[in-house]
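Engineer: What follows is the file target29.cif, containing mmCIF, C-alpha atoms:
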data_structure
#
loop_
_atom_site.label_atom_id
_atom_site.label_comp_id
_atom_site.auth_asym_id
_atom_site.auth_seq_id
_atom_site.Cartn_x
_atom_site.Cartn_y
_atom_site.Cartn_z
CA ALA A 119 113.03 74.86 -19.00
CA LYS A 120 113.27 78.12 -17.15
CA THR A 121 109.98 79.17 -15.63
CA HIS A 122 109.21 82.84 -15.17
CA MET A 123 107.17 83.96 -12.20
CA THR A 124 104.76 86.79 -12.60
CA THR A 125 104.80 90.15 -10.89
CA THR A 126 101.90 90.08 -8.45
CA THR A 127 101.48 93.80 -7.86
CA PRO A 128 98.75 95.12 -10.15
CA ASN A 129 99.41 98.05 -12.42
CA ALA A 130 97.41 100.67 -10.52
CA SER A 131 96.35 102.45 -13.71
CA SER A 132 94.28 99.46 -14.89
CA THR A 133 90.76 98.95 -13.67
CA VAL A 134 87.82 96.72 -14.47
CA ARG A 135 84.37 98.29 -14.40
CA GLN A 136 81.05 96.48 -14.53
CA LEU A 137 78.87 97.50 -17.47
CA ASN A 138 75.95 95.07 -17.21
CA GLU A 139 74.37 92.55 -14.88
CA LEU A 140 72.20 89.97 -16.66
CA GLN A 141 69.51 88.49 -14.44
CA GLY A 142 67.09 85.68 -15.27
CA HIS A 143 68.71 82.36 -14.38
CA GLN A 144 67.22 80.65 -11.31
CA ASP A 145 70.36 78.74 -10.31
CA ARG A 146 74.16 79.02 -10.63
CA VAL A 147 75.38 80.01 -14.09
CA TRP A 148 78.09 77.65 -15.28
CA SER A 149 79.22 79.01 -18.62
CA VAL A 150 79.03 81.97 -21.00
CA ALA A 151 79.94 82.08 -24.70
CA TRP A 152 80.07 85.07 -27.05
CA ALA A 153 78.69 84.62 -30.56
CA PRO A 154 81.56 84.97 -33.08
CA ASN A 155 80.43 88.48 -34.12
CA GLY A 156 80.09 89.58 -30.49
CA ASN A 157 76.47 90.64 -30.94
CA ALA A 158 75.06 87.89 -28.72
CA LEU A 159 76.01 86.07 -25.54
CA ALA A 160 74.78 82.63 -24.47
CA SER A 161 74.68 81.46 -20.86
CA CYS A 162 73.73 78.14 -19.26
CA SER A 163 72.73 77.17 -15.78
CA GLY A 164 71.81 74.67 -13.12
CA ASP A 165 68.21 75.74 -13.86
CA LYS A 166 68.41 73.42 -16.97
CA THR A 167 68.08 76.36 -19.38
CA ILE A 168 70.21 78.29 -21.86
CA ARG A 169 69.64 82.01 -22.23
CA VAL A 170 70.66 83.95 -25.30
CA TRP A 171 71.18 87.69 -24.90
CA SER A 172 71.46 90.28 -27.67
CA VAL A 173 74.36 92.66 -27.02
CA THR A 174 74.28 96.08 -28.71
CA ALA A 175 77.07 98.60 -28.20
CA LYS A 176 76.22 102.17 -27.18
CA HIS A 177 78.76 104.71 -28.42
CA ASN A 178 79.59 108.32 -27.78
CA SER A 179 81.11 109.67 -31.00
CA HIS A 180 83.63 112.49 -30.59
CA ASP A 181 82.93 113.71 -34.12
CA LYS A 182 79.20 114.29 -34.49
CA ASP A 183 79.21 115.62 -38.06
CA GLY A 184 82.32 114.10 -39.57
CA GLY A 185 80.38 111.93 -42.03
CA GLY A 186 79.50 114.63 -44.55
CA SER A 187 82.94 115.76 -45.70
CA SER A 188 84.26 112.44 -46.96
CA ALA A 189 82.77 109.03 -47.61
CA SER A 190 86.17 107.35 -47.88
CA ALA A 191 86.95 104.16 -45.98
CA THR A 192 89.75 105.99 -44.17
CA ALA A 193 87.39 108.63 -42.83
CA ALA A 194 84.96 105.95 -41.73
CA ALA A 195 87.72 104.06 -39.92
CA THR A 196 88.88 107.26 -38.22
CA ALA A 197 85.34 108.03 -37.11
CA ALA A 198 84.93 104.52 -35.70
CA ALA A 199 88.22 104.81 -33.84
CA SER A 200 87.10 108.08 -32.26
CA GLU A 201 83.99 106.52 -30.76
CA THR A 202 83.96 105.79 -27.06
CA LEU A 203 82.17 102.67 -25.86
CA LEU A 204 79.64 103.81 -23.29
CA GLY A 205 78.31 100.36 -22.61
CA PHE A 206 75.96 97.73 -23.97
CA GLU A 207 72.25 97.38 -24.25
CA VAL A 208 71.61 93.74 -23.35
CA ARG A 209 68.30 91.91 -23.49
CA CYS A 210 67.28 88.27 -23.32
CA ILE A 211 66.04 87.16 -26.76
CA ALA A 212 65.60 83.42 -26.11
CA VAL A 213 65.30 80.89 -23.30
CA LEU A 214 66.11 77.39 -24.53
CA GLU A 215 64.48 74.80 -22.31
CA GLY A 216 62.68 71.48 -22.31
CA VAL A 217 65.58 69.53 -23.83
CA HIS A 218 68.05 69.02 -20.99
CA THR A 219 66.71 67.43 -17.82
CA ARG A 220 69.61 68.40 -15.56
CA THR A 221 72.23 71.18 -15.23
CA VAL A 222 73.49 72.64 -18.52
CA ARG A 223 77.25 72.82 -18.04
CA GLU A 224 78.66 74.55 -21.14
CA VAL A 225 77.57 76.24 -24.37
CA SER A 226 79.58 76.77 -27.56
CA TRP A 227 78.80 78.65 -30.81
CA SER A 228 79.75 77.37 -34.24
CA PRO A 229 82.23 79.68 -36.03
CA ASN A 230 79.52 80.99 -38.38
CA GLY A 231 77.18 81.73 -35.46
CA LYS A 232 74.39 79.60 -36.92
CA MET A 233 74.55 76.80 -34.36
CA LEU A 234 74.81 76.62 -30.60
CA ALA A 235 75.84 73.43 -28.79
CA SER A 236 75.06 72.68 -25.15
CA CYS A 237 76.07 69.84 -22.84
CA SER A 238 74.40 68.65 -19.69
CA PHE A 239 74.71 66.57 -16.55
CA ASP A 240 71.89 64.48 -18.11
CA GLY A 241 74.60 62.87 -20.29
CA THR A 242 73.47 64.46 -23.55
CA VAL A 243 74.66 67.15 -25.95
CA ALA A 244 72.12 69.29 -27.81
CA VAL A 245 72.75 71.23 -31.02
CA TRP A 246 70.51 74.21 -31.72
CA ALA A 247 70.09 75.88 -35.12
CA TYR A 248 69.75 79.67 -35.07
CA GLU A 249 67.79 81.12 -37.95
CA ASP A 250 65.73 84.31 -38.28
CA GLY A 251 66.04 84.97 -34.58
CA GLU A 252 64.66 81.54 -33.63
CA PHE A 253 66.45 78.60 -32.03
CA GLU A 254 65.47 75.00 -32.78
CA CYS A 255 67.04 71.86 -31.33
CA ILE A 256 68.11 69.90 -34.42
CA SER A 257 70.14 67.15 -32.80
CA THR A 258 70.62 65.40 -29.46
CA LEU A 259 73.86 63.45 -29.14
CA GLU A 260 74.00 60.50 -26.79
CA GLY A 261 76.91 58.24 -25.92
CA HIS A 262 78.59 59.54 -22.77
CA GLU A 263 77.88 57.39 -19.71
CA ASN A 264 77.20 60.31 -17.38
CA GLU A 265 77.62 64.08 -16.93
CA VAL A 266 78.96 65.90 -20.00
CA LYS A 267 81.19 68.71 -18.77
CA SER A 268 82.37 70.42 -21.96
CA VAL A 269 81.38 70.94 -25.60
CA ARG A 270 83.24 72.90 -28.30
CA PHE A 271 83.02 73.48 -32.05
CA SER A 272 86.28 73.27 -34.01
CA ALA A 273 87.67 76.19 -36.03
CA SER A 274 86.02 74.95 -39.25
CA GLY A 275 82.73 74.17 -37.53
CA GLN A 276 82.82 70.65 -38.97
CA LEU A 277 83.85 68.92 -35.75
CA LEU A 278 82.45 68.95 -32.25
CA ALA A 279 84.34 67.74 -29.16
CA THR A 280 82.71 66.70 -25.88
CA SER A 281 84.13 65.51 -22.56
CA SER A 282 82.60 63.86 -19.55
CA ARG A 283 82.88 62.54 -16.03
CA ASP A 284 83.13 59.14 -17.74
CA LYS A 285 86.83 60.11 -18.37
CA SER A 286 86.43 60.15 -22.16
CA VAL A 287 86.61 62.73 -24.94
CA TRP A 288 84.36 62.24 -27.98
CA VAL A 289 84.91 63.76 -31.41
CA TRP A 290 81.84 64.20 -33.62
CA GLU A 291 81.62 65.20 -37.30
CA LEU A 292 78.88 67.30 -38.87
CA SER A 293 77.37 65.71 -41.98
CA ALA A 294 75.76 67.47 -44.95
CA GLU A 295 72.41 66.39 -43.51
CA MET A 296 73.20 68.38 -40.33
CA ASP A 297 73.61 65.18 -38.31
CA PHE A 298 76.56 64.49 -36.04
CA GLU A 299 78.38 61.20 -36.25
CA CYS A 300 80.92 60.00 -33.67
CA LEU A 301 84.39 59.88 -35.25
CA ALA A 302 86.40 58.85 -32.21
CA VAL A 303 86.21 58.10 -28.49
CA LEU A 304 89.45 59.12 -26.81
CA HIS A 305 90.51 57.33 -23.64
CA GLY A 306 93.57 58.32 -21.63
CA HIS A 307 92.50 60.46 -18.70
CA SER A 308 92.07 58.57 -15.44
CA GLN A 309 89.42 60.96 -14.07
CA ASP A 310 86.64 63.39 -15.01
CA VAL A 311 87.53 65.50 -18.10
CA LYS A 312 86.57 69.07 -17.21
CA ARG A 313 87.28 70.83 -20.51
CA VAL A 314 87.98 70.29 -24.20
CA VAL A 315 89.51 73.06 -26.33
CA TRP A 316 90.21 73.02 -30.07
CA HIS A 317 93.33 74.50 -31.60
CA PRO A 318 92.28 77.88 -33.10
CA ILE A 319 93.63 77.02 -36.56
CA GLU A 320 94.19 73.26 -36.89
CA ASP A 321 90.99 71.23 -36.95
CA GLY A 322 92.66 67.94 -36.08
CA TYR A 323 94.22 69.11 -32.82
CA LEU A 324 92.55 69.11 -29.43
CA LEU A 325 93.43 69.87 -25.81
CA SER A 326 91.70 68.38 -22.75
CA ALA A 327 91.93 69.24 -19.04
CA SER A 328 91.12 66.82 -16.25
CA TYR A 329 90.52 66.04 -12.61
CA ASP A 330 93.60 63.78 -12.92
CA ASP A 331 95.76 66.98 -12.66
CA SER A 332 96.91 66.78 -16.29
CA LEU A 333 96.19 68.17 -19.73
CA LYS A 334 96.41 66.05 -22.87
CA THR A 335 96.86 66.97 -26.50
CA TRP A 336 95.16 64.81 -29.14
CA SER A 337 95.83 64.71 -32.85
CA GLU A 338 94.20 63.14 -35.87
CA ASP A 339 96.54 61.05 -38.04
CA GLU A 340 94.65 60.05 -41.16
CA ASP A 341 91.48 58.54 -39.64
CA ASP A 342 92.90 57.74 -36.25
CA TRP A 343 92.97 59.99 -33.18
CA ALA A 344 95.70 59.55 -30.59
CA CYS A 345 97.14 61.27 -27.53
CA VAL A 346 100.24 63.23 -28.53
CA GLN A 347 101.36 64.48 -25.12
CA THR A 348 100.33 64.42 -21.48
CA VAL A 349 101.11 67.88 -20.12
CA THR A 350 101.92 67.82 -16.41
CA GLY A 351 102.86 70.48 -13.88
CA HIS A 352 99.63 71.35 -12.09
CA GLU A 353 99.32 69.84 -8.64
CA SER A 354 95.55 69.40 -8.63
CA THR A 355 92.50 69.38 -10.95
CA VAL A 356 92.92 71.37 -14.18
CA TRP A 357 89.60 73.16 -14.71
CA ASP A 358 90.10 75.15 -17.88
CA ALA A 359 92.50 76.00 -20.69
CA SER A 360 92.60 78.47 -23.57
CA PHE A 361 94.86 78.85 -26.62
CA ASN A 362 96.22 82.17 -27.81
CA SER A 363 95.12 83.36 -31.26
CA ASP A 364 97.73 81.43 -33.27
CA GLY A 365 97.78 78.31 -31.10
CA SER A 366 101.47 78.61 -30.21
CA ARG A 367 100.71 78.90 -26.49
CA PHE A 368 97.91 78.11 -24.08
CA VAL A 369 96.98 79.10 -20.56
CA SER A 370 95.53 76.76 -17.91
CA GLY A 371 93.89 77.23 -14.51
CA SER A 372 93.74 74.75 -11.67
CA ASP A 373 92.53 73.79 -8.22
CA ASP A 374 96.18 74.37 -7.16
CA CYS A 375 95.33 78.14 -7.38
CA SER A 376 97.85 78.70 -10.17
CA VAL A 377 97.56 80.03 -13.71
CA ARG A 378 100.18 78.60 -16.08
CA VAL A 379 101.26 79.46 -19.61
CA TRP A 380 102.60 76.68 -21.84
CA ALA A 381 104.65 77.22 -25.00
CA GLN A 382 105.01 74.83 -27.91
CA LYS A 383 108.52 73.78 -28.82
CA LYS A 384 108.38 72.52 -32.40
CA GLN A 385 110.98 70.17 -33.77
CA GLN A 386 112.47 71.20 -37.12
CA LYS A 387 110.72 69.54 -40.04
CA GLN A 388 112.72 66.55 -41.17
CA SER A 389 111.23 66.40 -44.63
CA SER A 390 110.32 69.07 -47.14
CA SER A 391 107.46 66.95 -48.41
CA SER A 392 104.54 68.14 -46.32
CA SER A 393 102.18 66.04 -48.44
CA SER A 394 103.58 62.87 -46.85
CA SER A 395 101.35 61.84 -43.98
CA ASP A 396 104.38 60.30 -42.29
CA GLY A 397 106.28 63.56 -42.50
CA MET A 398 103.37 65.53 -41.07
CA ASP A 399 102.93 62.95 -38.33
CA LEU A 400 106.60 63.25 -37.44
CA VAL A 401 106.30 66.99 -37.00
CA ARG A 402 103.05 66.79 -35.02
CA THR A 403 104.18 64.03 -32.64
CA ALA A 404 107.41 65.94 -32.09
CA ASP A 405 105.48 68.87 -30.58
CA THR A 406 106.23 69.29 -26.92
CA TRP A 407 104.45 71.74 -24.67
CA GLN A 408 106.62 73.18 -21.93
CA GLN A 409 105.71 75.43 -19.05
CA ALA A 410 106.75 78.97 -19.96
CA ALA A 411 105.33 80.93 -17.02
CA VAL A 412 103.47 80.33 -13.81
CA VAL A 413 101.43 82.67 -11.63
CA GLY A 414 101.78 80.72 -8.41
CA ALA A 415 99.05 82.15 -6.19
CA ALA A 416 96.93 83.70 -8.92
CA HIS A 417 93.83 83.21 -6.77
CA LYS A 418 93.32 82.46 -3.10
CA ARG A 419 91.17 79.46 -4.01
CA THR A 420 90.48 77.23 -7.05
CA VAL A 421 90.93 78.80 -10.50
CA PHE A 422 87.79 77.69 -12.35
CA SER A 423 88.25 79.47 -15.66
CA VAL A 424 90.89 81.15 -17.83
CA ASP A 425 90.64 82.82 -21.22
CA TRP A 426 93.21 84.21 -23.67
CA SER A 427 91.85 87.13 -25.69
CA LYS A 428 91.66 86.51 -29.44
CA ALA A 429 90.58 90.05 -30.38
CA SER A 430 93.01 91.95 -32.57
CA GLY A 431 94.98 94.54 -30.63
CA SER A 432 94.47 92.74 -27.33
CA LYS A 433 98.23 92.59 -26.62
CA ASP A 434 98.12 89.05 -25.20
CA LEU A 435 95.56 89.68 -22.47
CA ILE A 436 94.63 86.76 -20.22
CA ALA A 437 91.80 86.64 -17.68
CA SER A 438 91.17 84.24 -14.80
CA VAL A 439 88.37 83.76 -12.26
CA GLY A 440 87.79 81.42 -9.37
CA ALA A 441 86.36 80.37 -6.05
CA ASP A 442 87.76 83.50 -4.36
CA ASP A 443 85.11 85.54 -6.27
CA ALA A 444 87.85 87.58 -7.97
CA LEU A 445 88.57 88.48 -11.60
CA ASN A 446 92.22 88.86 -12.61
CA VAL A 447 93.53 90.35 -15.86
CA TYR A 448 97.14 89.81 -16.96
CA ARG A 449 99.35 90.74 -19.87
CA TYR A 450 101.61 88.04 -21.23
CA SER A 451 104.88 89.06 -22.89
CA PRO A 452 106.07 86.50 -25.48
CA ALA A 453 109.50 88.15 -25.63
CA ASP A 454 110.51 86.97 -22.17
CA ASP A 455 107.59 84.71 -21.16
CA SER A 456 106.59 87.04 -18.35
CA VAL A 457 103.07 87.52 -17.00
CA THR A 458 102.09 90.85 -15.45
CA LEU A 459 98.97 91.26 -13.34
CA LEU A 460 97.22 94.36 -14.71
CA CYS A 461 94.34 94.39 -12.28
CA ARG A 462 92.38 92.31 -9.81
CA LYS A 463 88.71 92.90 -9.13
CA GLU A 464 87.70 91.48 -5.76
CA LYS A 465 84.08 90.42 -5.37
CA ALA A 466 83.42 90.52 -9.10
CA HIS A 467 80.56 88.18 -8.12
CA ALA A 468 79.02 87.45 -4.72
CA TYR A 469 80.09 83.79 -4.85
CA ASP A 470 82.25 81.44 -6.96
CA ILE A 471 82.90 82.67 -10.52
CA ASN A 472 82.61 79.73 -12.90
CA CYS A 473 83.58 81.17 -16.28
CA VAL A 474 85.28 84.16 -17.93
CA ARG A 475 85.29 84.86 -21.68
CA TRP A 476 86.77 87.77 -23.64
CA HIS A 477 84.66 89.51 -26.27
CA PRO A 478 85.73 88.18 -29.72
CA LYS A 479 86.02 91.67 -31.29
CA ARG A 480 86.51 94.17 -28.47
CA ALA A 481 89.85 93.71 -26.75
CA ASN A 482 88.76 95.35 -23.48
CA VAL A 483 85.38 93.67 -22.85
CA LEU A 484 84.78 90.40 -21.01
CA ALA A 485 81.87 88.40 -19.59
CA THR A 486 81.69 86.31 -16.42
CA CYS A 487 79.10 84.16 -14.64
CA GLY A 488 78.80 82.66 -11.22
CA ASP A 489 77.03 80.84 -8.42
CA ASP A 490 75.12 84.08 -7.68
CA HIS A 491 72.82 83.26 -10.67
CA VAL A 492 74.02 86.26 -12.73
CA VAL A 493 76.08 87.04 -15.81
CA ARG A 494 78.19 90.21 -15.82
CA VAL A 495 79.87 92.21 -18.56
CA PHE A 496 83.01 94.15 -17.63
CA LEU A 497 85.13 96.83 -19.30
CA LEU A 498 88.90 96.95 -18.85
CA SER A 499 90.25 100.52 -18.76
CA PRO A 500 92.08 101.55 -21.97
CA SER A 501 95.21 102.48 -19.99
CA SER A 502 95.91 98.77 -19.76
CA PHE A 503 96.98 98.81 -23.38
CA SER A 504 99.36 101.76 -23.35
CA SER A 505 102.39 100.30 -21.60
CA SER A 506 103.54 97.17 -23.38
CA VAL A 507 106.08 94.97 -21.63
CA GLN A 508 109.04 94.57 -23.96
#
What would the structure in this file look like if it were written as structure tokens?
Structural biologist:
Amino acid sequence: AKTHMTTTTPNASSTVRQLNELQGHQDRVWSVAWAPNGNALASCSGDKTIRVWSVTAKHNSHDKDGGGSSASATAAATAAASETLLGFEVRCIAVLEGVHTRTVREVSWSPNGKMLASCSFDGTVAVWAYEDGEFECISTLEGHENEVKSVRFSASGQLLATSSRDKSVWVWELSAEMDFECLAVLHGHSQDVKRVVWHPIEDGYLLSASYDDSLKTWSEDEDDWACVQTVTGHESTVWDASFNSDGSRFVSGSDDCSVRVWAQKKQQKQSSSSSSSDGMDLVRTADTWQQAAVVGAAHKRTVFSVDWSKASGSKDLIASVGADDALNVYRYSPADDSVTLLCRKEKAHAYDINCVRWHPKRANVLATCGDDHVVRVFLLSPSSFSSSVQ
């Protein structure tokens, strides 16, 4: 397959500006996760705690008295569109502690925003219920032999995936009693599994990234989970991966300093009967992920985190961060599988940046965290959206 290289000269009209710095953690911050509605942000740290921050947008409306003339939905939408985001008011509303005894490595919200999962180097996963502004630990999941590196809720919220230095991926199911039961233990990676990522639409489809330089896709066939494909191309540890909004592509970041985009080549369905489990299995196992684009020297050092924006109107924006303390923003063009670097912010943090996550609703807002103990919220200039690569 032909691989397209990116253009490495940033579009000078695009800039990233810091809106907020969130202080409070006493050690490196490993991960950030936006609540599905974008009104809260969770962060976790080597200080063994999780912090939850409320995030409230501050607007400057260009039409101060436009509300009186018409109460129609159209007028309301127009008024909303004319508002300029000035920034966010962010405050810490909860510190979750006393459950994990070592570093908390990743946090993940359930799709309805009512649960938060955390995983730790203590080998456990905690699930917190969020109700009336209060968090309560309702479940602690044990089973991994050592450090748990990643935890994610599936698109339906019914499944939870975890991965560990013990080289395994676990799939858990949420019961009506709000307990989690282990459905499957997936073996296949030969080293530490750094990240698990669910398909954004299909519940029974999972991606994992590992210290063994590969990614693997996993699929559920009836009650059995199996590895569908081992995706190779990176030359060192794969630290993170992120699907686009429809799950037809994903981006990965690695210790080889590259950012790569992979596209799914689906085989034509052989049978019109989609109710047949064999037919469905045939289509799913026929999926092959191929490298569509590579940004060779995306960062000067390890790429620790990548994220593909899911917000509507985001025009396929991808962000990456790494050990060179820089934040990169790219636009991906599906038409020709090209990746264009829109901007690069040097020294976005004082030290290694461990995680980057796009706001779920606002296409130009993203959060990062790093070894400097802080979380930051950035705004991408609107000019980044005007010139679309055809």
Engineer: Find, counting all atoms listed in the file, the residue in A:Thr242, A:Ser226, A:Asn482, A:Thr350 that gets nearest to Leu278 (chain A).
Structural biologist: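 Of A:Thr242, A:Ser226, A:Asn482, A:Thr350, the one nearest Leu278 (chain A) is A:Ser226, counting all atoms listed in the file.
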Engineer: May I have the residues within 9 Å of Val439 (chain A) as a PyMOL selection string, using all atoms listed in the file and disregarding those fewer than 6 positions away in the same chain?
Structural biologist: chain A and resi 371+417+420-424+445-446+466+470-474+486
Engineer: If you count only C-alpha atoms, which residues fall within 9 Å of Asp489 (chain A), apart from same-chain ones fewer than 2 positions away, as a ChimeraX atom specification?
Structural biologist: /A:145-148,467-472,487,491-492
Engineer: In Å, rounded to a single decimal, give me how far CA of Lys383 (chain A) is from CA of Arg367 (chain A).
Structural biologist: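 Going from CA of Arg367 (chain A) over to CA of Lys383 (chain A) covers 9.6 Å.
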Engineer: Counting only C-alpha atoms, which residue out of A:Leu234, A:Ile211, A:Lys418, A:Glu291 sits closest to Ala153 (chain A)?
Structural biologist: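 Of A:Leu234, A:Ile211, A:Lys418, A:Glu291, the one nearest Ala153 (chain A), counting only C-alpha atoms, is A:Leu234.
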Engineer: Could you write out as a list in words the residues that the PyMOL selection byres ((chain A and resi 464) around 7) matches in the shown file?
Structural biologist: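 For this structure, the PyMOL selection byres ((chain A and resi 464) around 7) captures Asp443, Ala444, Leu445, Arg462, Lys463, Lys465 and Ala466 of chain A.
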Engineer: Within 10 Å of (87.4, 76.1, -38.2), all atoms listed in the file: residues as a ChimeraX atom specification?
Structural biologist: /A:228-230,271-277,316-322
Engineer: Skip Trp380 (chain A) itself and residues of its chain fewer than 2 positions away, then list as an MDAnalysis selection string all residues within 9 Å of it, counting only C-alpha atoms.
Structural biologist: chainID A and resid 366:370 378 382 407:412
Engineer: Excluding Asp310 (chain A) and residues on its chain fewer than 4 positions from it, collect all residues at most 10 Å away from it, counting all atoms listed in the file, and give them as number ranges by chain.
Structural biologist: A: 265-267, 281-287, 327-330, 355
Engineer: Could you expand the PyMOL selection byres ((chain A and resi 177) around 9) into the explicit residues it covers here, written as a ChimeraX atom specification?
Structural biologist: /A:175-176,178-179,201-206
Engineer: Show me, as a PDB file with C-alpha atoms, in the frame of the given file, the residues that have an atom within 9 Å of Trp290 (chain A) when counting all atoms listed in the file, minus same-chain residues fewer than 6 positions from it.
Structural biologist:
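Contents of the output file result34.pdb:
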ATOM      1  CA  GLN A 276      82.820  70.650 -38.970  1.00  0.00           C
ATOM      2  CA  LEU A 277      83.850  68.920 -35.750  1.00  0.00           C
ATOM      3  CA  LEU A 278      82.450  68.950 -32.250  1.00  0.00           C
ATOM      4  CA  ALA A 279      84.340  67.740 -29.160  1.00  0.00           C
ATOM      5  CA  THR A 280      82.710  66.700 -25.880  1.00  0.00           C
ATOM      6  CA  PHE A 298      76.560  64.490 -36.040  1.00  0.00           C
ATOM      7  CA  GLU A 299      78.380  61.200 -36.250  1.00  0.00           C
ATOM      8  CA  CYS A 300      80.920  60.000 -33.670  1.00  0.00           C
ATOM      9  CA  LEU A 301      84.390  59.880 -35.250  1.00  0.00           C
ATOM     10  CA  ALA A 302      86.400  58.850 -32.210  1.00  0.00           C
TER      11      ALA A 302
END
Engineer: Give as a VMD selection string the residues that the PyMOL selection byres ((chain A and resi 134) around 9) matches when applied to the coordinates above.
Structural biologist: chain A and resid 132 to 133 135 to 136 445 447 461 to 463 496 to 499
Engineer: With distances taken over only C-alpha atoms, which residue among A:Arg270, A:Lys232, A:Lys166, A:Lys428 lies nearest Ala247 (chain A)?
Structural biologist: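 Closest candidate: A:Lys232.
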Engineer: Counting all atoms listed in the file, figure out which residue out of A:Ile436, A:Trp246, A:Ser268, A:Ala481 gets nearest to Leu460 (chain A).
Structural biologist: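 Counting all atoms listed in the file, the residue closest to Leu460 (chain A) is A:Ile436.
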Engineer: In Å, with one decimal, what is the gap from CA of Cys255 (chain A) to CA of Val311 (chain A)?
Structural biologist: 25.2 Å
Engineer: Rounded to one decimal place, report the CA of Ser360 (chain A)-CA of Lys334 (chain A) distance in Å.
Structural biologist: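 For CA of Ser360 (chain A) relative to CA of Lys334 (chain A), the distance reads 13.0 Å.
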Engineer: Find the residue from A:Ser438, A:Gln144, A:Ser163, A:Gln309 that sits nearest to Arg475 (chain A); use all atoms listed in the file when measuring.
Structural biologist: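 Counting all atoms listed in the file, the residue closest to Arg475 (chain A) is A:Ser438.
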Engineer: Which residue is closest to Cys375 (chain A)? Choose from A:Val349, A:Ile168, A:Ala160, A:Ala416 and count all atoms listed in the file.
Structural biologist: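 With all atoms listed in the file as the atom set, the closest residue is A:Ala416.
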Engineer: Is it possible to add all heavy atoms to region 242-246 of chain A and hand it back as an mmCIF file, keeping the file's coordinate frame?
Structural biologist:
data_model
loop_
_atom_site.group_PDB
_atom_site.id
_atom_site.type_symbol
_atom_site.label_atom_id
_atom_site.label_comp_id
_atom_site.auth_asym_id
_atom_site.auth_seq_id
_atom_site.Cartn_x
_atom_site.Cartn_y
_atom_site.Cartn_z
ATOM 1 N N THR A 242 73.700 64.173 -22.134
ATOM 2 C CA THR A 242 73.470 64.460 -23.550
ATOM 3 C C THR A 242 74.098 65.780 -23.987
ATOM 4 O O THR A 242 74.417 66.645 -23.169
ATOM 5 C CB THR A 242 71.974 64.517 -23.908
ATOM 6 O OG1 THR A 242 71.398 65.702 -23.324
ATOM 7 C CG2 THR A 242 71.246 63.276 -23.411
ATOM 8 N N VAL A 243 74.219 65.907 -25.309
ATOM 9 C CA VAL A 243 74.660 67.150 -25.950
ATOM 10 C C VAL A 243 73.545 67.553 -26.907
ATOM 11 O O VAL A 243 73.031 66.715 -27.657
ATOM 12 C CB VAL A 243 75.975 66.929 -26.724
ATOM 13 C CG1 VAL A 243 76.363 68.182 -27.505
ATOM 14 C CG2 VAL A 243 77.090 66.534 -25.766
ATOM 15 N N ALA A 244 73.144 68.806 -26.890
ATOM 16 C CA ALA A 244 72.120 69.290 -27.810
ATOM 17 C C ALA A 244 72.746 70.288 -28.775
ATOM 18 O O ALA A 244 73.638 71.055 -28.392
ATOM 19 C CB ALA A 244 70.966 69.940 -27.049
ATOM 20 N N VAL A 245 72.301 70.252 -30.024
ATOM 21 C CA VAL A 245 72.750 71.230 -31.020
ATOM 22 C C VAL A 245 71.520 72.004 -31.481
ATOM 23 O O VAL A 245 70.507 71.410 -31.883
ATOM 24 C CB VAL A 245 73.455 70.563 -32.213
ATOM 25 C CG1 VAL A 245 73.902 71.633 -33.211
ATOM 26 C CG2 VAL A 245 74.653 69.748 -31.734
ATOM 27 N N TRP A 246 71.618 73.323 -31.391
ATOM 28 C CA TRP A 246 70.510 74.210 -31.720
ATOM 29 C C TRP A 246 70.855 74.997 -32.984
ATOM 30 O O TRP A 246 71.955 75.532 -33.096
ATOM 31 C CB TRP A 246 70.263 75.193 -30.573
ATOM 32 C CG TRP A 246 70.161 74.560 -29.209
ATOM 33 C CD1 TRP A 246 71.206 74.104 -28.437
ATOM 34 C CD2 TRP A 246 68.969 74.301 -28.468
ATOM 35 N NE1 TRP A 246 70.731 73.582 -27.252
ATOM 36 C CE2 TRP A 246 69.350 73.692 -27.244
ATOM 37 C CE3 TRP A 246 67.601 74.532 -28.713
ATOM 38 C CZ2 TRP A 246 68.422 73.313 -26.271
ATOM 39 C CZ3 TRP A 246 66.680 74.159 -27.743
ATOM 40 C CH2 TRP A 246 67.089 73.554 -26.542
#
